[in-house]
file data34.txt (compact mmCIF, C-alpha atoms)
# COMPACT_ATOMS: atom_id res chain seq x y z
CA MET L 139 114.47 94.50 73.90
CA VAL L 140 113.80 97.39 71.53
CA THR L 141 111.52 99.98 73.07
CA GLY L 142 110.61 103.50 72.09
CA GLY L 143 113.20 103.77 69.32
CA TYR L 144 116.29 102.16 70.85
CA ALA L 145 117.36 99.09 72.77
CA SER L 146 116.55 99.54 76.43
CA THR L 147 119.29 98.73 78.91
CA ASN L 148 117.29 99.64 82.01
CA LYS L 149 116.34 96.44 83.80
CA TRP L 150 114.02 98.25 86.20
CA VAL L 151 111.38 99.57 83.77
CA GLU L 152 109.83 98.39 80.52
CA TYR L 153 108.37 100.36 77.63
CA THR L 154 105.94 99.53 74.86
CA PRO L 155 107.11 99.79 71.22
CA GLU L 156 105.30 103.18 71.17
CA GLY L 157 107.44 104.45 74.06
CA LYS L 158 104.86 104.23 76.85
CA MET L 159 106.07 102.92 80.18
CA LYS L 160 104.53 99.70 81.44
CA LYS L 161 103.28 99.80 85.03
CA PRO L 162 106.06 98.37 87.18
CA PRO L 163 105.31 95.30 89.29
CA VAL L 164 105.01 95.92 93.04
CA SER L 165 108.45 94.37 93.53
CA PHE L 166 109.69 97.98 93.65
CA ARG L 167 108.65 97.81 97.32
CA LYS L 168 111.82 95.74 97.83
CA TRP L 169 113.99 98.58 96.49
CA VAL L 170 115.68 101.18 98.68
CA TYR L 171 113.00 103.09 100.57
CA VAL L 172 114.06 106.75 100.73
CA GLY L 173 111.17 108.40 102.55
CA THR L 174 107.54 109.44 102.80
CA PRO L 175 106.74 113.14 102.54
CA LEU L 176 103.22 114.33 103.33
CA THR L 177 101.60 117.71 102.71
CA PRO L 178 98.15 117.17 104.23
CA ASN L 179 95.12 119.26 103.45
CA ASP L 180 94.80 119.98 107.20
CA LEU L 181 97.98 122.08 107.07
CA ASN L 182 97.23 123.75 103.72
CA ASP L 183 93.79 125.30 104.13
CA GLY L 184 92.24 122.20 102.56
CA LYS L 185 94.09 122.83 99.27
CA ALA L 186 97.31 120.82 99.30
CA ASN L 187 98.60 120.12 95.79
CA PHE L 188 99.61 116.62 96.86
CA PRO L 189 97.56 115.72 99.98
CA GLU L 190 98.57 112.06 100.10
CA PHE L 191 101.57 110.19 101.49
CA HIS L 192 104.31 109.60 98.91
CA ASN L 193 106.20 106.38 99.67
CA VAL L 194 109.35 106.80 97.57
CA TYR L 195 111.71 104.05 96.41
CA MET L 196 114.93 104.12 94.36
CA ASP L 197 116.30 101.25 92.33
CA PRO L 198 119.17 99.53 94.19
CA ASP L 199 121.84 100.04 91.50
CA SER L 200 121.23 103.79 91.43
CA PHE L 201 121.28 104.01 95.21
CA VAL L 202 124.72 102.36 95.33
CA HIS L 203 125.92 104.86 92.71
CA PHE L 204 124.38 107.74 94.70
CA GLU L 205 126.19 106.63 97.86
CA LYS L 206 129.51 106.74 96.02
CA THR L 207 129.04 109.93 94.02
CA GLY L 208 126.09 111.92 95.39
CA GLU L 209 124.68 111.97 91.85
CA TYR L 210 121.77 110.31 90.12
CA ARG L 211 123.20 108.09 87.41
CA ASP L 212 121.77 107.76 83.93
CA GLY L 213 119.21 104.97 84.36
CA THR L 214 118.03 106.01 87.83
CA VAL L 215 114.44 104.96 88.51
CA ILE L 216 112.42 106.47 91.34
CA VAL L 217 108.94 105.16 92.15
CA LYS L 218 106.45 107.20 94.13
CA GLU L 219 103.54 105.19 95.51
CA LEU L 220 100.64 107.41 96.57
CA VAL L 221 98.75 106.46 99.74
CA SER L 222 95.71 108.23 101.16
CA VAL L 223 95.68 109.80 104.59
CA GLY L 224 93.83 107.29 106.73
CA GLU L 225 93.11 107.43 110.43
CA LYS L 226 94.23 110.39 112.51
CA GLU L 227 93.83 108.73 115.90
CA ALA L 228 95.60 105.67 117.24
CA ALA L 229 96.32 104.06 120.59
CA SER L 230 99.68 105.86 120.54
CA GLY L 231 98.09 109.28 120.01
CA ASN L 232 96.94 111.61 117.25
CA GLY L 233 98.78 111.79 113.96
CA TYR L 234 98.60 111.00 110.28
CA PHE L 235 98.43 107.31 109.44
CA GLN L 236 98.52 105.78 105.99
CA GLY L 237 95.27 104.64 104.42
CA ASP L 238 94.90 102.91 101.05
CA PHE L 239 97.11 102.79 97.97
CA ILE L 240 95.67 105.33 95.54
CA GLY L 241 98.25 106.01 92.83
CA LEU L 242 101.63 105.40 91.29
CA GLU L 243 104.19 107.65 89.60
CA VAL L 244 107.64 106.90 88.19
CA SER L 245 110.56 109.10 87.19
CA VAL L 246 113.50 107.92 85.10
CA LYS L 247 116.76 109.62 84.23
CA ASP L 248 117.75 108.57 80.72
CA ALA L 249 119.78 110.82 78.40
CA ARG L 250 119.00 108.73 75.31
CA ARG L 251 115.26 108.50 75.90
CA TYR L 252 114.78 112.08 77.16
CA PRO L 253 117.56 114.12 75.50
CA THR L 254 115.51 117.33 75.40
CA GLU L 255 113.99 117.08 78.90
CA PRO L 256 115.60 119.17 81.64
CA GLY L 257 118.12 116.97 83.45
CA ASN L 258 117.15 114.10 81.13
CA TRP L 259 114.30 113.10 83.48
CA GLY L 260 111.01 111.65 82.26
CA TYR L 261 107.94 111.51 84.52
CA TYR L 262 105.03 109.08 84.32
CA SER L 263 101.73 108.77 86.16
CA PHE L 264 99.69 105.58 86.27
CA GLY L 265 96.76 107.33 87.89
CA HIS L 266 95.54 108.63 91.20
CA SER L 267 92.84 106.03 91.78
CA TYR L 268 92.53 102.29 91.34
CA PRO L 269 92.52 100.48 89.04
CA LEU L 270 95.77 102.00 87.81
CA LYS L 271 96.59 102.26 84.12
CA GLU L 272 98.71 99.40 82.77
CA GLN L 273 100.87 101.85 80.79
CA SER L 274 101.53 105.56 80.73
CA ALA L 275 102.77 108.10 78.23
CA LYS L 276 105.43 110.49 79.54
CA ASN L 277 103.97 113.55 81.24
CA LYS L 278 104.43 116.86 79.47
CA THR L 279 107.50 118.76 80.65
CA ASP L 280 105.56 121.50 82.43
CA GLU L 281 103.47 118.98 84.40
CA CYS L 282 106.38 117.78 86.58
CA ASN L 283 109.82 118.79 85.38
CA GLY L 284 109.39 122.54 85.85
CA CYS L 285 108.83 122.23 89.59
CA HIS L 286 111.59 119.62 89.94
CA GLN L 287 113.93 121.94 88.05
CA ARG L 288 113.16 124.95 90.26
CA HIS L 289 112.81 123.39 93.71
CA ALA L 290 114.62 120.05 93.81
CA ILE L 291 118.29 119.12 94.01
CA ASN L 292 119.36 117.63 90.68
CA PHE L 293 115.65 117.15 89.87
CA VAL L 294 114.97 114.99 92.96
CA PHE L 295 113.54 116.40 96.18
CA SER L 296 116.49 114.93 98.09
CA GLN L 297 116.17 117.55 100.81
CA TYR L 298 113.01 115.78 102.05
CA TYR L 299 114.47 112.26 102.18
CA PRO L 300 116.68 111.52 105.20
CA VAL L 301 117.93 108.30 103.62
CA LEU L 302 119.34 110.24 100.65
CA ARG L 303 120.77 112.99 102.84
CA ALA L 304 122.52 110.39 105.00
CA ALA L 305 123.81 108.51 101.94
CA MET L 306 125.33 111.62 100.37
CA PRO L 307 129.12 111.28 100.43
CA ALA L 308 130.89 113.81 102.62
CA LYS L 309 132.42 116.68 100.67
CA LYS L 310 136.17 116.87 101.03
call {"tool": "encode", "arguments": {"input": "data34.txt", "output": "structure tokens"}}
result
Amino acid sequence: MVTGGYASTNKWVEYTPEGKMKKPPVSFRKWVYVGTPLTPNDLNDGKANFPEFHNVYMDPDSFVHFEKTGEYRDGTVIVKELVSVGEKEAASGNGYFQGDFIGLEVSVKDARRYPTEPGNWGYYSFGHSYPLKEQSAKNKTDECNGCHQRHAINFVFSQYYPVLRAAMPAKK
């Protein structure tokens, strides 16, 4: 399939001929689940930048590569499904419990598609309310990549995902 100027070899995402990413099917929920960070408004004076749960998944091929090398391979796809903060009380006690699905974001490492982006990562948002957009143009560099470049490990916030920390090969 020719997409966005060259033949795509990434089986996990699809692009339109104009280079927009098509919304991935929900089968990503069968990928490797790496974690769910939450920065609730309650703990941020009502002004959290990202007040929802972020259920984060990595494509299986890239996870296998990460386990072997500790690196994100060219072609890595990470999906972030946004979920509202729901109930705060349950039979088990007080806490933060997931509410409804409210958004979807995808990041892809691809040196051919994003040769001028820091780390070769492209970031896409399909919206923060339903119905989600069926396709998305790549976010501008300063909308996502700047923060990932400054605060993440190899452009992924691996430090907040216990599955990725545990999968990291031991340094010899």
call {"tool": "atom_distance", "arguments": {"input": "data34.txt", "atom1": "atom CA of L:Ser267", "atom2": "atom CA of L:Pro163"}}
result
16.6 Å
call {"tool": "closest_residue", "arguments": {"input": "data34.txt", "among": "L:Phe264, L:Phe293, L:Tyr298, L:Tyr210", "to": "L:Pro162", "atoms": "all atoms listed in the file"}}
result
L:Phe264
call {"tool": "closest_residue", "arguments": {"input": "data34.txt", "among": "L:Asn187, L:Glu152, L:Pro178, L:Ala249", "to": "L:Glu272", "atoms": "all atoms listed in the file"}}
result
L:Glu152
call {"tool": "residues_around", "arguments": {"input": "data34.txt", "residues": "stretch 222-237 of chain L", "least_positions_apart": "3", "cutoff": "7 Å", "atoms": "all atoms listed in the file", "output": "NGL selection string"}}
result
:L and (190-191 or 240)
call {"tool": "atom_distance", "arguments": {"input": "data34.txt", "atom1": "atom CA of L:Ser296", "atom2": "atom CA of L:Asp199"}}
result
17.1 Å
call {"tool": "atom_distance", "arguments": {"input": "data34.txt", "atom1": "atom CA of L:Gln287", "atom2": "atom CA of L:Tyr268"}}
result
29.2 Å
call {"tool": "axis_aligned_box", "arguments": {"input": "data34.txt", "around": "stretch 249-264 of chain L", "padding_each_side": "8 Å", "output": "JSON"}}
result
{"center_x": 109.7, "center_y": 112.4, "center_z": 80.8, "size_x": 36.1, "size_y": 29.6, "size_z": 27.0}
call {"tool": "residues_around", "arguments": {"input": "data34.txt", "residues": "L:Leu270", "least_positions_apart": "4", "cutoff": "8 Å", "atoms": "all atoms listed in the file", "output": "number ranges by chain"}}
result
L: 241-242, 264-266
call {"tool": "residues_near_point", "arguments": {"input": "data34.txt", "point": "(101.3, 119.1, 94.1)", "cutoff": "10 Å", "atoms": "only C-alpha atoms", "output": "PyMOL selection string"}}
result
chain L and resi 177+185-190+281-282+285
call {"tool": "closest_residue", "arguments": {"input": "data34.txt", "among": "L:Gln297, L:Thr174, L:Ser263, L:Thr214", "to": "L:Lys160", "atoms": "all atoms listed in the file"}}
result
L:Ser263
call {"tool": "residues_around", "arguments": {"input": "data34.txt", "residues": "L:Arg303", "least_positions_apart": "2", "cutoff": "12 Å", "atoms": "all atoms listed in the file", "output": "PyMOL selection string"}}
result
chain L and resi 172-173+201+204-205+208-209+291+294-301+305-308
